[in-house]
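What follows is the content of upload_12.txt, which has compact mmCIF, C-alpha atoms:
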```
# COMPACT_ATOMS: atom_id res chain seq x y z
CA MET A 1 19.54 45.25 -89.10
CA TYR A 2 16.41 43.81 -87.54
CA SER A 3 14.90 40.37 -87.14
CA LEU A 4 11.27 39.52 -87.84
CA ASN A 5 10.18 36.02 -86.84
CA GLY A 6 13.77 34.86 -87.10
CA GLN A 7 14.49 36.31 -90.56
CA PHE A 8 16.95 39.17 -90.96
CA PHE A 9 16.41 42.41 -92.87
CA THR A 10 18.39 45.62 -93.32
CA ASN A 11 16.92 48.75 -91.78
CA ASP A 12 16.14 50.21 -95.22
CA LYS A 13 13.74 47.34 -95.98
CA LEU A 14 10.45 47.46 -94.11
CA ASN A 15 8.91 44.00 -93.99
CA ILE A 16 6.16 44.70 -91.46
CA SER A 17 2.52 44.29 -92.50
CA LEU A 18 0.49 47.47 -92.84
CA ASP A 19 -2.23 45.85 -90.71
CA ASN A 20 0.21 44.97 -87.92
CA ARG A 21 -1.85 44.90 -84.73
CA GLY A 22 0.90 46.56 -82.75
CA VAL A 23 0.59 49.59 -85.05
CA MET A 24 -3.20 49.47 -85.42
CA TYR A 25 -4.23 48.68 -81.85
CA GLY A 26 -1.15 48.70 -79.63
CA ASP A 27 -1.79 44.97 -79.33
CA GLY A 28 1.52 43.76 -77.96
CA VAL A 29 4.28 44.06 -75.42
CA PHE A 30 8.02 44.67 -75.44
CA GLU A 31 11.20 44.20 -73.44
CA THR A 32 14.40 46.26 -73.52
CA ILE A 33 17.39 44.04 -72.72
CA ARG A 34 20.92 45.27 -72.05
CA VAL A 35 23.79 43.58 -73.88
CA GLN A 36 27.22 43.84 -72.25
CA GLY A 37 30.28 42.04 -73.57
CA SER A 38 28.12 40.21 -76.14
CA GLU A 39 25.94 38.76 -73.36
CA PHE A 40 22.34 39.45 -72.43
CA ILE A 41 21.98 40.86 -68.91
CA PHE A 42 19.08 39.51 -66.78
CA LEU A 43 17.66 37.65 -69.79
CA GLU A 44 15.75 35.05 -67.77
CA GLN A 45 13.97 37.75 -65.79
CA HIS A 46 13.05 39.69 -68.93
CA LEU A 47 11.61 36.54 -70.51
CA ALA A 48 9.72 35.71 -67.32
CA ARG A 49 8.09 39.16 -67.30
CA LEU A 50 7.34 38.85 -71.01
CA SER A 51 5.68 35.46 -70.44
CA LYS A 52 3.42 36.90 -67.73
CA ALA A 53 2.45 39.83 -69.96
CA CYS A 54 1.62 37.53 -72.86
CA GLU A 55 -0.47 35.36 -70.56
CA VAL A 56 -2.54 38.39 -69.56
CA LEU A 57 -2.99 39.31 -73.24
CA SER A 58 -3.72 35.69 -74.28
CA LEU A 59 -0.78 35.73 -76.68
CA ASP A 60 0.63 32.34 -77.65
CA LEU A 61 4.31 32.67 -76.83
CA ASP A 62 7.00 30.06 -77.35
CA ILE A 63 9.75 31.19 -74.96
CA LYS A 64 12.24 28.66 -76.31
CA LYS A 65 11.79 30.02 -79.84
CA ILE A 66 12.00 33.61 -78.59
CA SER A 67 15.28 32.81 -76.86
CA GLU A 68 16.63 31.23 -80.06
CA HIS A 69 15.67 34.34 -82.05
CA LEU A 70 17.46 36.55 -79.53
CA PHE A 71 20.71 34.59 -79.53
CA ASN A 72 20.70 34.29 -83.33
CA TYR A 73 20.18 38.05 -83.57
CA LEU A 74 23.01 38.70 -81.12
CA SER A 75 25.49 36.46 -82.95
CA THR A 76 24.50 37.51 -86.47
CA SER A 77 24.63 41.20 -85.60
CA GLU A 78 27.94 40.74 -83.73
CA LEU A 79 26.68 43.09 -81.04
CA LYS A 80 28.99 43.88 -78.12
CA THR A 81 27.28 46.61 -76.09
CA CYS A 82 23.78 47.86 -76.84
CA LEU A 83 20.12 47.73 -75.87
CA VAL A 84 18.12 45.05 -77.69
CA LYS A 85 14.41 45.71 -78.00
CA LEU A 86 12.10 42.73 -78.34
CA TYR A 87 8.54 43.32 -79.56
CA VAL A 88 5.81 40.69 -79.45
CA THR A 89 2.61 41.59 -81.33
CA ARG A 90 -0.50 39.61 -82.17
CA LYS A 91 -0.62 38.55 -85.81
CA PRO A 92 -2.86 40.61 -88.14
CA GLY A 93 -6.54 39.90 -88.37
CA GLY A 94 -9.76 41.19 -86.83
CA LEU A 95 -10.58 44.51 -85.23
CA PHE A 96 -11.01 44.62 -81.44
CA GLU A 97 -11.75 40.89 -81.67
CA PRO A 98 -8.54 39.22 -82.89
CA VAL A 99 -8.69 36.30 -85.30
CA ASP A 100 -6.16 34.26 -83.31
CA ASN A 101 -3.47 34.59 -80.67
CA ASN A 102 -0.36 33.77 -82.69
CA VAL A 103 2.43 36.32 -82.57
CA ASP A 104 4.99 38.18 -84.64
CA VAL A 105 8.40 38.75 -83.03
CA LEU A 106 10.44 41.81 -83.97
CA ILE A 107 13.97 42.39 -82.64
CA THR A 108 15.89 45.66 -83.05
CA ASN A 109 18.76 47.36 -81.23
CA ARG A 110 20.08 50.78 -80.34
CA LYS A 111 23.24 52.12 -78.79
CA SER A 112 23.57 51.94 -75.04
CA LYS A 113 24.77 55.16 -73.43
CA THR A 114 26.57 55.22 -70.10
CA LEU A 115 24.34 57.41 -67.92
CA LEU A 116 26.36 58.79 -65.03
CA GLU A 117 25.06 62.32 -64.53
CA ASN A 118 22.66 63.22 -61.72
CA LYS A 119 19.16 64.34 -62.59
CA LYS A 120 19.12 67.87 -61.27
CA ASN A 121 15.67 69.23 -62.08
CA VAL A 122 12.80 66.82 -61.35
CA LYS A 123 9.08 67.60 -61.56
CA ILE A 124 5.94 65.85 -60.31
CA PHE A 125 3.52 65.09 -63.19
CA THR A 126 -0.14 65.36 -62.13
CA ALA A 127 -1.99 65.91 -65.42
CA PHE A 128 -2.47 62.19 -66.08
CA ALA A 129 -2.71 59.55 -63.35
CA LYS A 130 -1.08 56.18 -64.04
CA ASN A 131 -3.18 53.64 -62.16
CA PHE A 132 -2.97 49.93 -61.45
CA SER A 133 -4.40 47.47 -63.95
CA VAL A 134 -3.67 43.88 -64.94
CA LEU A 135 -1.30 45.34 -67.56
CA SER A 136 0.44 48.05 -65.54
CA PRO A 137 3.34 45.83 -64.36
CA TYR A 138 4.34 45.17 -67.99
CA LYS A 139 5.71 47.15 -70.91
CA THR A 140 2.85 47.35 -73.39
CA LEU A 141 2.75 49.11 -76.75
CA ASN A 142 0.28 51.64 -75.34
CA SER A 143 2.70 54.23 -73.97
CA LEU A 144 0.51 57.34 -74.18
CA PRO A 145 0.69 58.14 -70.42
CA TYR A 146 4.48 58.22 -70.76
CA VAL A 147 4.28 60.31 -73.93
CA LEU A 148 2.19 62.91 -72.08
CA ALA A 149 4.68 62.89 -69.22
CA GLY A 150 7.52 63.18 -71.74
CA LEU A 151 5.88 66.23 -73.31
CA TYR A 152 5.59 67.79 -69.85
CA LYS A 153 9.26 67.00 -69.22
CA LYS A 154 10.17 68.77 -72.44
CA GLN A 155 7.90 71.76 -71.78
CA THR A 156 9.30 72.27 -68.28
CA LYS A 157 12.88 71.57 -69.36
CA SER A 158 13.15 68.96 -66.61
CA ASP A 159 15.69 66.16 -66.27
CA GLU A 160 13.15 63.66 -64.93
CA ILE A 161 9.42 63.31 -64.24
CA ILE A 162 7.71 61.48 -61.37
CA LEU A 163 4.30 59.99 -62.12
CA ILE A 164 1.56 59.62 -59.52
CA ASN A 165 -1.76 57.74 -59.50
CA SER A 166 -5.29 58.93 -58.78
CA GLU A 167 -4.76 58.32 -55.05
CA GLY A 168 -1.81 60.71 -55.08
CA ASN A 169 0.67 57.87 -54.56
CA ILE A 170 4.10 57.87 -56.16
CA VAL A 171 4.23 55.41 -59.06
CA GLU A 172 7.54 55.67 -60.94
CA CYS A 173 9.68 57.94 -63.08
CA LEU A 174 9.42 58.40 -66.83
CA TYR A 175 11.86 55.64 -67.78
CA SER A 176 12.64 54.06 -64.43
CA ASN A 177 11.49 52.80 -61.08
CA VAL A 178 12.17 55.07 -58.13
CA ILE A 179 13.84 54.16 -54.81
CA TRP A 180 14.54 56.43 -51.86
CA ILE A 181 16.51 56.07 -48.66
CA LYS A 182 15.53 57.43 -45.26
CA ASN A 183 17.50 56.60 -42.10
CA ASN A 184 19.25 53.71 -43.90
CA VAL A 185 15.95 52.09 -44.93
CA CYS A 186 15.05 51.82 -48.63
CA TYR A 187 11.55 52.44 -49.96
CA THR A 188 9.90 51.84 -53.33
CA PRO A 189 6.29 51.88 -54.60
CA SER A 190 4.43 48.57 -54.74
CA LEU A 191 2.89 47.18 -57.92
CA SER A 192 -0.52 48.18 -56.54
CA THR A 193 0.33 51.81 -57.38
CA GLY A 194 0.53 51.04 -61.11
CA CYS A 195 4.31 50.94 -61.54
CA VAL A 196 6.16 48.64 -63.92
CA ASP A 197 7.56 45.46 -62.38
CA GLY A 198 11.16 46.52 -63.01
CA VAL A 199 13.83 43.93 -63.76
CA MET A 200 16.63 46.06 -62.32
CA LEU A 201 14.52 46.86 -59.28
CA ALA A 202 14.03 43.14 -58.64
CA ASN A 203 17.79 42.59 -58.74
CA ILE A 204 18.40 45.55 -56.44
CA ARG A 205 15.88 44.12 -54.00
CA LEU A 206 17.69 40.75 -54.00
CA TYR A 207 21.04 42.48 -53.46
CA LEU A 208 19.69 44.48 -50.51
CA GLN A 209 18.20 41.39 -48.91
CA LYS A 210 21.52 39.55 -49.18
CA GLN A 211 23.25 42.52 -47.56
CA GLY A 212 20.71 42.58 -44.73
CA ILE A 213 19.46 46.03 -45.77
CA GLU A 214 15.76 46.68 -45.26
CA ILE A 215 13.62 47.62 -48.26
CA GLN A 216 9.97 48.44 -47.75
CA THR A 217 7.42 48.30 -50.57
CA GLY A 218 4.11 50.10 -50.29
CA GLU A 219 1.91 53.02 -51.24
CA TYR A 220 3.58 56.35 -50.53
CA GLN A 221 2.58 59.96 -51.01
CA VAL A 222 4.79 62.67 -52.49
CA ASN A 223 5.41 64.03 -48.98
CA ASP A 224 7.06 60.71 -48.07
CA LEU A 225 9.47 61.23 -50.92
CA LEU A 226 10.18 64.84 -50.00
CA VAL A 227 11.53 63.87 -46.56
CA ALA A 228 13.95 61.26 -47.94
CA ASP A 229 17.70 61.54 -47.53
CA CYS A 230 18.53 60.22 -51.01
CA VAL A 231 16.51 59.33 -54.14
CA ILE A 232 17.58 57.26 -57.15
CA THR A 233 16.08 55.88 -60.34
CA SER A 234 16.79 52.37 -61.61
CA ASN A 235 16.41 50.60 -64.93
CA VAL A 236 18.54 48.10 -66.87
CA ASN A 237 20.59 50.94 -68.34
CA ALA A 238 21.47 53.00 -65.27
CA ILE A 239 21.16 53.85 -61.60
CA GLN A 240 21.04 57.62 -61.17
CA TYR A 241 20.65 60.12 -58.34
CA LEU A 242 17.82 62.62 -58.28
CA GLU A 243 19.50 65.80 -57.12
CA GLN A 244 16.40 67.96 -56.67
CA ILE A 245 12.64 67.27 -56.78
CA GLU A 246 10.64 70.49 -57.11
CA ASN A 247 12.38 72.64 -54.44
CA LYS A 248 13.75 69.81 -52.29
CA LYS A 249 17.47 68.93 -52.61
CA TYR A 250 18.90 65.50 -51.80
CA ASN A 251 22.17 63.86 -50.90
CA THR A 252 23.94 62.63 -54.05
CA CYS A 253 26.79 60.76 -52.37
CA ASN A 254 25.54 57.62 -50.69
CA LYS A 255 27.65 54.54 -49.98
CA LEU A 256 24.82 52.08 -50.64
CA VAL A 257 24.02 53.67 -53.99
CA GLU A 258 27.67 53.63 -55.00
CA ASP A 259 27.82 49.93 -54.08
CA LEU A 260 24.78 49.28 -56.28
CA LYS A 261 26.38 51.11 -59.20
CA ARG A 262 29.58 49.11 -58.89
CA THR A 263 27.64 45.86 -58.62
CA PHE A 264 25.40 46.29 -61.65
CA PHE A 265 27.28 48.62 -64.02
```

Output the file's structure in the form of structure tokens.
Amino acid sequence: MYSLNGQFFTNDKLNISLDNRGVMYGDGVFETIRVQGSEFIFLEQHLARLSKACEVLSLDLDIKKISEHLFNYLSTSELKTCLVKLYVTRKPGGLFEPVDNNVDVLITNRKSKTLLENKKNVKIFTAFAKNFSVLSPYKTLNSLPYVLAGLYKKQTKSDEIILINSEGNIVECLYSNVIWIKNNVCYTPSLSTGCVDGVMLANIRLYLQKQGIEIQTGEYQVNDLLVADCVITSNVNAIQYLEQIENKKYNTCNKLVEDLKRTFF
């Protein structure tokens, strides 16, 4: 079952306009929100990021109405544990010059898998640089850089891919932000590299600050990553170790990482 502008439809009934601007132009953004025990996890932060993205795209977003749609969808669907995907697209009309800035809101869900395994075979993806833009911190409907990286992941039979920008700086992984630990200090790329402004990463940063653990954010080259003691990926669905990047192997038993896993999952 899915919800479109607050109305419910079964999955066998497509009620989306053929001139939907998300389909035609990638004109929209999305959020993937974890549901655990029939509750949204980090909902306020997801909606805050969505609001910023819509502001950049000049989309007229009513956060209160979006929140109502989400809670109605959760209760009507009787969802317990899953990933809810929220799409906001500009209403049909116009070509590259939209008619107006009103939005359509689509809500779907998929099963949430418990991801515990380490990522053993990790490659650096250099064929397409993901660079900073006003949209790079957000999850837009233009995901072609990730599709190209995903194809490379499949071709190389890798467990994970690390994206870099045109300056050679580490950006993020295919589905996640990346964090590494060296001499008990945590490091992660800054938004200036072109990475997504991760909701889980923000919560990890807050946790580390409360624990008095240093986390540095900046622009780092691949060589900085290759001398790390431990590397992990983080998104709202999992925190996972990277066991090996190219030919470099890493520690996959770290007390801080285990504390983070117990805290958030």

Near-Lys113 of chain A list (12 Å; all atoms listed in the file; drop same-chain fewer than 4 positions) as a ChimeraX atom specification: /A:34-36,81-83,117,236-238,265

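Among the candidates A:Gln45, A:Ser112, A:Thr188, A:Ser77, the residue lying nearest to Thr233 of chain A is A:Thr188 (atoms considered: only C-alpha atoms).
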
Box centre and edge lengths (Å, one decimal), axis-aligned, segment 136-143 of chain A plus 6 Å each side, as JSON:
```
{"center_x": 3.0, "center_y": 49.7, "center_z": -70.6, "size_x": 17.4, "size_y": 21.1, "size_z": 24.4}
```

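With all atoms listed in the file as the atoms that count, the residue of A:Glu172, A:Glu246, A:Asp224, A:Glu219 with the shortest distance to Leu201 of chain A is A:Glu172.
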
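Here atom CA of Asn142 of chain A stands at a distance of 24.1 Å from atom CA of Val122 of chain A.
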
Leu59 of chain A proximity check over A:Ile179, A:Val257, A:Val222, A:Val105, using only C-alpha atoms: winner is A:Val105

Excluding segment 4-15 of chain A and its own-chain neighbours fewer than 2 positions away, which residues fall within 9 Å of it when counting all atoms listed in the file? Please give them as JSON, numbers by chain. {"A": [1, 2, 17, 65, 66, 68, 69, 70, 72, 73, 76, 103, 104, 105, 106, 107]}

Residue contacts of Pro92 of chain A (6 Å, all atoms listed in the file) excluding same-chain residues fewer than 4 positions away, as a PyMOL selection string: chain A and resi 19-21

I'd like the neighbourhood of Leu47 of chain A as a compact mmCIF listing (two decimals) with C-alpha atoms, in the coordinates of the input, where a residue qualifies if any of its atoms comes within 12 Å (using all atoms listed in the file), though same-chain residues fewer than 3 positions away should be ignored.
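Once written, result11.txt looks like this:
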```txt
# COMPACT_ATOMS: atom_id res chain seq x y z
CA VAL A 29 4.28 44.06 -75.42
CA PHE A 30 8.02 44.67 -75.44
CA GLU A 31 11.20 44.20 -73.44
CA THR A 32 14.40 46.26 -73.52
CA ILE A 33 17.39 44.04 -72.72
CA PHE A 40 22.34 39.45 -72.43
CA ILE A 41 21.98 40.86 -68.91
CA PHE A 42 19.08 39.51 -66.78
CA LEU A 43 17.66 37.65 -69.79
CA GLU A 44 15.75 35.05 -67.77
CA LEU A 50 7.34 38.85 -71.01
CA SER A 51 5.68 35.46 -70.44
CA LYS A 52 3.42 36.90 -67.73
CA ALA A 53 2.45 39.83 -69.96
CA CYS A 54 1.62 37.53 -72.86
CA LEU A 61 4.31 32.67 -76.83
CA ASP A 62 7.00 30.06 -77.35
CA ILE A 63 9.75 31.19 -74.96
CA LYS A 64 12.24 28.66 -76.31
CA LYS A 65 11.79 30.02 -79.84
CA ILE A 66 12.00 33.61 -78.59
CA SER A 67 15.28 32.81 -76.86
CA LEU A 70 17.46 36.55 -79.53
CA LEU A 86 12.10 42.73 -78.34
CA TYR A 87 8.54 43.32 -79.56
CA VAL A 88 5.81 40.69 -79.45
CA TYR A 138 4.34 45.17 -67.99
CA VAL A 199 13.83 43.93 -63.76
```

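Taking atom CA of Asp60 of chain A and atom CA of Asn102 of chain A as endpoints, the distance between them is 5.3 Å.
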
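Separating atom CA of Lys182 of chain A from atom CA of Ala228 of chain A is a distance of 4.9 Å.
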
For Leu151 of chain A, which residue out of A:Phe132, A:Trp180, A:Tyr207, A:Phe125 is the nearest one, using all atoms listed in the file? A:Phe125

Measuring between all atoms listed in the file, which one of A:Thr89, A:Phe128, A:Tyr250, A:Gly218 shows the shortest distance to Leu144 of chain A? A:Phe128

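Between Lys261 of chain A and the candidates A:Leu95, A:Ile204, A:Ile170, A:Ile245, the tightest atom-to-atom separation, counting all atoms listed in the file, involves A:Ile204.
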